[in-house]
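What follows is work-v6.txt (compact mmCIF, C-alpha atoms and all ligand atoms).
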# COMPACT_ATOMS: atom_id res chain seq x y z
CA MET A 972 97.62 119.42 125.92
CA SER A 973 99.55 116.27 126.53
CA PHE A 974 99.84 113.42 124.17
CA GLY A 975 100.28 109.92 125.36
CA HIS A 976 102.82 107.35 124.58
CA ASP A 977 100.54 105.62 122.08
CA ARG A 978 100.08 108.75 120.12
CA GLU A 979 103.78 109.45 119.84
CA ARG A 980 104.30 105.90 118.74
CA GLY A 981 101.64 106.31 116.04
CA ILE A 982 103.32 109.40 114.67
CA ARG A 983 106.73 107.82 114.73
CA ARG A 984 105.58 104.73 112.87
CA ARG A 985 103.89 106.73 110.22
CA SER A 986 106.79 109.01 109.54
CA ARG A 987 109.11 106.06 109.35
CA TRP A 988 107.22 103.91 106.91
CA VAL A 989 106.44 106.79 104.60
CA SER A 990 110.06 106.84 103.64
CA GLY A 991 109.47 108.89 100.57
CA LEU A 992 109.77 106.34 97.82
CA ALA A 993 106.87 106.29 95.46
CA ALA A 994 107.61 102.66 94.70
CA LEU A 995 106.81 101.85 98.31
CA ALA A 996 103.47 103.56 98.20
CA VAL A 997 101.51 100.50 97.23
CA SER A 998 102.97 98.36 99.98
CA ALA A 999 102.33 101.33 102.26
CA VAL A 1000 98.62 100.98 101.50
CA MET A 1001 98.79 97.38 102.62
CA ALA A 1002 100.77 98.29 105.72
CA GLY A 1003 98.14 100.92 106.44
CA ASN A 1004 95.41 98.31 106.34
CA ALA A 1005 97.28 95.98 108.63
CA MET A 1006 97.94 98.77 111.07
CA ALA A 1007 94.31 99.87 111.16
CA GLN A 1008 93.89 97.17 113.80
CA ASP A 1009 96.23 99.03 116.08
CA ALA A 1010 94.54 101.49 118.45
CA SER A 1011 97.30 104.09 118.24
CA THR A 1012 97.03 104.06 114.46
CA ASP A 1013 93.27 104.62 114.65
CA ASP A 1014 93.93 107.65 116.83
CA TRP A 1015 96.41 108.93 114.31
CA GLU A 1016 93.97 108.44 111.47
CA GLN A 1017 91.24 110.46 113.19
CA LYS A 1018 93.51 113.15 114.54
CA PRO A 1019 96.84 113.08 112.73
CA TYR A 1020 98.00 116.40 114.13
CA ILE A 1021 98.78 118.46 117.20
CA ILE A 1022 97.33 121.94 117.48
CA LYS A 1023 98.04 124.16 120.49
CA ASP A 1024 96.72 127.70 120.88
CA GLY A 1025 95.87 127.76 117.19
CA LYS A 1026 99.40 126.74 116.19
CA VAL A 1027 99.93 123.61 114.16
CA ASP A 1028 102.63 120.95 114.07
CA TYR A 1029 105.11 120.66 111.24
CA GLY A 1030 103.05 118.00 109.42
CA VAL A 1031 100.00 120.23 109.10
CA TYR A 1032 102.11 123.22 108.14
CA ASN A 1033 104.05 121.33 105.51
CA GLY A 1034 100.83 119.66 104.34
CA PHE A 1035 99.34 123.10 103.74
CA ARG A 1036 102.31 124.03 101.56
CA ARG A 1037 102.36 120.74 99.67
CA TYR A 1038 98.61 120.75 99.13
CA HIS A 1039 98.85 124.22 97.61
CA ALA A 1040 101.77 123.16 95.41
CA SER A 1041 100.21 119.98 94.00
CA CYS A 1042 96.49 119.67 94.64
CA HIS A 1043 94.82 123.06 94.82
CA VAL A 1044 94.82 123.70 91.07
CA CYS A 1045 92.04 121.12 90.86
CA HIS A 1046 90.71 120.80 94.42
CA GLY A 1047 90.58 124.52 95.13
CA PRO A 1048 92.34 126.63 97.76
CA ASP A 1049 92.15 125.37 101.36
CA GLY A 1050 90.63 122.04 100.26
CA LEU A 1051 87.31 123.69 99.44
CA GLY A 1052 86.81 122.11 96.03
CA SER A 1053 86.20 123.52 92.56
CA SER A 1054 83.83 122.93 89.70
CA TYR A 1055 86.29 120.26 88.49
CA ALA A 1056 87.24 118.30 91.61
CA PRO A 1057 85.59 117.55 94.96
CA ALA A 1058 86.17 119.44 98.23
CA LEU A 1059 88.64 117.24 100.10
CA VAL A 1060 87.62 118.98 103.31
CA GLU A 1061 84.28 117.20 102.82
CA SER A 1062 85.72 113.93 101.46
CA LEU A 1063 87.86 113.40 104.55
CA LYS A 1064 84.86 113.54 106.84
CA THR A 1065 84.09 109.98 105.74
CA MET A 1066 87.12 108.73 103.80
CA SER A 1067 89.63 106.49 105.58
CA TYR A 1068 93.36 107.14 105.43
CA SER A 1069 93.94 104.04 103.32
CA ASP A 1070 91.22 105.00 100.83
CA PHE A 1071 92.75 108.48 100.62
CA LEU A 1072 96.17 106.97 99.99
CA GLU A 1073 94.77 104.55 97.44
CA VAL A 1074 93.24 107.36 95.33
CA VAL A 1075 96.39 109.48 95.47
CA VAL A 1076 98.62 106.55 94.52
CA ASN A 1077 96.45 105.06 91.77
CA GLY A 1078 94.42 108.03 90.64
CA ARG A 1079 90.84 107.65 89.54
CA GLN A 1080 89.13 108.23 86.28
CA VAL A 1081 85.49 108.56 85.48
CA VAL A 1082 85.05 108.99 81.76
CA ASN A 1083 81.59 108.63 80.29
CA ALA A 1084 79.08 110.64 78.31
CA SER A 1085 78.38 113.05 81.15
CA SER A 1086 81.78 113.25 82.80
CA ASP A 1087 85.48 113.37 82.00
CA SER A 1088 86.77 113.73 85.50
CA VAL A 1089 90.38 112.63 86.05
CA MET A 1090 92.28 112.37 89.29
CA PRO A 1091 95.91 111.75 88.24
CA SER A 1092 98.07 109.09 89.86
CA PHE A 1093 100.81 110.58 92.05
CA ALA A 1094 102.70 107.33 92.60
CA GLU A 1095 105.66 108.64 90.60
CA VAL A 1096 105.67 112.11 92.13
CA PRO A 1097 108.08 112.20 95.08
CA ASP A 1098 107.05 115.75 96.02
CA VAL A 1099 103.64 114.34 96.82
CA MET A 1100 104.36 110.78 97.99
CA PHE A 1101 107.14 111.88 100.30
CA TYR A 1102 104.78 114.23 102.14
CA ILE A 1103 101.48 112.42 101.76
CA ASP A 1104 100.99 111.98 105.53
CA HIS A 1105 101.46 115.72 105.92
CA ILE A 1106 98.91 116.47 103.20
CA TYR A 1107 96.51 114.08 104.92
CA ALA A 1108 97.16 115.72 108.30
CA TYR A 1109 96.47 119.18 106.88
CA LEU A 1110 93.27 118.12 105.12
CA LYS A 1111 92.05 116.16 108.13
CA ALA A 1112 92.62 119.16 110.41
CA ARG A 1113 90.66 121.30 107.93
CA SER A 1114 87.97 118.66 107.71
CA ASN A 1115 87.68 118.46 111.53
CA ASP A 1116 87.36 122.25 111.54
CA GLU A 1117 90.50 122.72 113.60
CA VAL A 1118 92.41 124.75 111.04
CA GLY A 1119 90.99 127.73 109.16
CA ARG A 1120 91.65 128.99 105.68
CA GLY A 1121 95.07 130.30 104.67
CA ARG A 1122 98.56 129.57 105.92
CA PRO A 1123 98.48 128.23 109.50
CA LYS A 1124 100.93 129.36 112.18
CA ARG A 1125 103.51 126.81 113.25
CA LEU A 1126 104.32 125.64 116.75
CA PRO A 1127 107.85 126.56 117.83
CA ALA A 1128 110.18 123.70 116.81
CA GLY A 1129 111.01 122.94 120.46
CA GLU A 1130 107.32 122.27 121.24
CA ASP A 1131 106.67 120.21 118.17
CA PRO A 1132 107.26 116.44 118.49
CA VAL A 1133 106.15 115.89 114.89
CA PHE A 1134 108.94 118.15 113.71
CA LYS A 1135 111.47 116.32 115.86
CA GLU A 1136 110.33 112.96 114.55
CA TRP A 1137 110.44 114.19 111.01
CA LYS A 1138 113.96 115.57 111.38
CA ALA A 1139 115.14 112.38 113.03
CA SER A 1140 113.75 110.26 110.18
CA GLN A 1141 115.57 112.23 107.45
C1 LIG A 1201 94.38 117.48 87.52
C2 LIG A 1201 93.42 117.74 88.59
C3 LIG A 1201 93.70 117.11 89.94
C4 LIG A 1201 94.82 117.24 90.75
C5 LIG A 1201 96.08 118.02 90.45
C6 LIG A 1201 94.53 116.51 91.96
N1 LIG A 1201 93.30 115.94 91.90
FE1 LIG A 1201 92.42 114.74 93.29
N2 LIG A 1201 90.79 114.50 92.11
C7 LIG A 1201 90.60 115.13 90.89
C8 LIG A 1201 89.28 114.76 90.39
C9 LIG A 1201 88.65 115.24 89.09
C10 LIG A 1201 88.70 113.89 91.35
C11 LIG A 1201 87.36 113.19 91.27
C12 LIG A 1201 87.60 111.88 90.55
C13 LIG A 1201 86.31 111.10 90.39
O1 LIG A 1201 85.46 111.52 89.60
O2 LIG A 1201 86.15 110.10 91.08
C14 LIG A 1201 89.69 113.76 92.41
C15 LIG A 1201 89.49 112.98 93.53
C16 LIG A 1201 90.35 112.94 94.61
C17 LIG A 1201 90.10 112.20 95.82
C18 LIG A 1201 88.86 111.37 96.13
C19 LIG A 1201 87.84 112.30 96.73
C20 LIG A 1201 86.51 111.65 96.99
O3 LIG A 1201 85.64 112.32 97.60
O4 LIG A 1201 86.29 110.49 96.58
C21 LIG A 1201 91.16 112.42 96.65
C22 LIG A 1201 91.37 111.86 98.04
C23 LIG A 1201 92.07 113.29 95.94
N3 LIG A 1201 91.55 113.58 94.71
C24 LIG A 1201 93.26 113.75 96.48
C25 LIG A 1201 94.14 114.59 95.79
C26 LIG A 1201 95.39 115.06 96.36
C27 LIG A 1201 95.88 114.78 97.78
C28 LIG A 1201 95.99 115.80 95.39
C29 LIG A 1201 97.35 116.47 95.45
C30 LIG A 1201 98.45 115.61 95.78
C31 LIG A 1201 95.12 115.79 94.22
N4 LIG A 1201 94.00 115.05 94.51
C32 LIG A 1201 95.39 116.43 93.03
C33 LIG A 1201 91.48 115.95 90.24
C34 LIG A 1201 92.73 116.30 90.68
Just dump the structure as structure tokens.
Ligand code: HEC
Amino acid sequence: MSFGHDRERGIRRRSRWVSGLAALAVSAVMAGNAMAQDASTDDWEQKPYIIKDGKVDYGVYNGFRRYHASCHVCHGPDGLGSSYAPALVESLKTMSYSDFLEVVVNGRQVVNASSDSVMPSFAEVPDVMFYIDHIYAYLKARSNDEVGRGRPKRLPAGEDPVFKEWKASQ
């Protein structure tokens, strides 16, 4: 599979502006909206990953790890949901990247007579905000049915432009 210039540019932009500071997350939401007009960003939003012969890029791989460190206690293993929180594998079939980011940054709370469901805000949690594009990439790949359950296999570093971009941005 080849990936065009636009696609590489989309990945590079994303990894640069998610510079890991929770304080930037809110402006990142706004930047995300502005960039939605950009075709390469739309591509990234729909398919924010590279998968070759069943092997995933660094973003998806790291997203798997981060998801299982911070989200799976409520959202279930492999994004499949639990009795407490929705299956993100389903949510991402219709949810935009910026809506996803908005919920993770601000949290969401529905408290009434029949429900006390709380999605915490992760704005102050660098271990989540720093890797939020990776978590999105993992969940989107799951949602698009391109990654199965369990720990995915990684592409070799030399064949993984996402890994190179990520390293270069650190
Ligand atoms: C303490 C439990 C808990 C944790 C941990 C948690 N969530 Fe949630 N999350 C929830 C609940 C409950 C909801 C549903 C909130 C509601 O009723 O609207 C939710 C909703 C969401 C939604 C909106 C889904 C939809 O269909 O509207 C997204 C996106 C989301 N969570 C992402 C994450 C991510 C990413 C992580 C890890 C960084 C995470 N959550 C960690 C409890 C949690």
Residues of chain A that approach ligand LIG 1201 (chain A) to 7 Å or less, counting all atoms listed in the file: could you list each one with the shortest pair of atoms and its distance in Å to one decimal, rows by chain and increasing residue number, as JSON lines?
{"residue": "A:Tyr1038", "atom": "CA", "partner": "A:LIG1201", "partner_atom": "C29", "distance": 5.8}
{"residue": "A:Ser1041", "atom": "CA", "partner": "A:LIG1201", "partner_atom": "C29", "distance": 4.8}
{"residue": "A:Cys1042", "atom": "CA", "partner": "A:LIG1201", "partner_atom": "C29", "distance": 3.4}
{"residue": "A:His1043", "atom": "CA", "partner": "A:LIG1201", "partner_atom": "C5", "distance": 6.8}
{"residue": "A:Val1044", "atom": "CA", "partner": "A:LIG1201", "partner_atom": "C5", "distance": 5.9}
{"residue": "A:Cys1045", "atom": "CA", "partner": "A:LIG1201", "partner_atom": "C2", "distance": 4.3}
{"residue": "A:His1046", "atom": "CA", "partner": "A:LIG1201", "partner_atom": "N1", "distance": 6.1}
{"residue": "A:Tyr1055", "atom": "CA", "partner": "A:LIG1201", "partner_atom": "C9", "distance": 5.6}
{"residue": "A:Ala1056", "atom": "CA", "partner": "A:LIG1201", "partner_atom": "C9", "distance": 4.2}
{"residue": "A:Pro1057", "atom": "CA", "partner": "A:LIG1201", "partner_atom": "O3", "distance": 5.9}
{"residue": "A:Leu1059", "atom": "CA", "partner": "A:LIG1201", "partner_atom": "C19", "distance": 6.0}
{"residue": "A:Ser1062", "atom": "CA", "partner": "A:LIG1201", "partner_atom": "O3", "distance": 4.2}
{"residue": "A:Phe1071", "atom": "CA", "partner": "A:LIG1201", "partner_atom": "C22", "distance": 4.5}
{"residue": "A:Val1074", "atom": "CA", "partner": "A:LIG1201", "partner_atom": "C22", "distance": 5.6}
{"residue": "A:Val1075", "atom": "CA", "partner": "A:LIG1201", "partner_atom": "C24", "distance": 5.4}
{"residue": "A:Arg1079", "atom": "CA", "partner": "A:LIG1201", "partner_atom": "C12", "distance": 5.4}
{"residue": "A:Gln1080", "atom": "CA", "partner": "A:LIG1201", "partner_atom": "C13", "distance": 5.8}
{"residue": "A:Val1081", "atom": "CA", "partner": "A:LIG1201", "partner_atom": "O1", "distance": 5.1}
{"residue": "A:Ser1088", "atom": "CA", "partner": "A:LIG1201", "partner_atom": "C9", "distance": 4.3}
{"residue": "A:Val1089", "atom": "CA", "partner": "A:LIG1201", "partner_atom": "C9", "distance": 4.4}
{"residue": "A:Met1090", "atom": "CA", "partner": "A:LIG1201", "partner_atom": "C7", "distance": 3.6}
{"residue": "A:Pro1091", "atom": "CA", "partner": "A:LIG1201", "partner_atom": "C1", "distance": 6.0}
{"residue": "A:Phe1093", "atom": "CA", "partner": "A:LIG1201", "partner_atom": "C30", "distance": 6.7}
{"residue": "A:Val1099", "atom": "CA", "partner": "A:LIG1201", "partner_atom": "C30", "distance": 5.4}
{"residue": "A:Ile1106", "atom": "CA", "partner": "A:LIG1201", "partner_atom": "C27", "distance": 6.4}
Please provide the set of residues having any atom within 10 Å of Lys1064 of chain A, restricted to all atoms listed in the file, with same-chain residues fewer than 6 positions apart removed, written as number ranges by chain.
A: 1017, 1110-1111, 1113-1115
Rounded to one decimal in Å, what is the spacing between atom CA of Lys1018 of chain A and atom CA of Tyr1109 of chain A?
10.2 Å
Counting only C-alpha atoms, which residue out of A:Asp1116, A:Asp1087, A:Asp1028, A:Asp1013 sits closest to Glu1061 of chain A?
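With only C-alpha atoms as the atom set, the closest residue is A:Asp1116.
Going from atom CA of Ala1128 of chain A to atom CA of Ser1140 of chain A covers 15.4 Å.
Counting from atom CA of Met1100 of chain A, the distance to atom CA of Val1133 of chain A is 17.7 Å.
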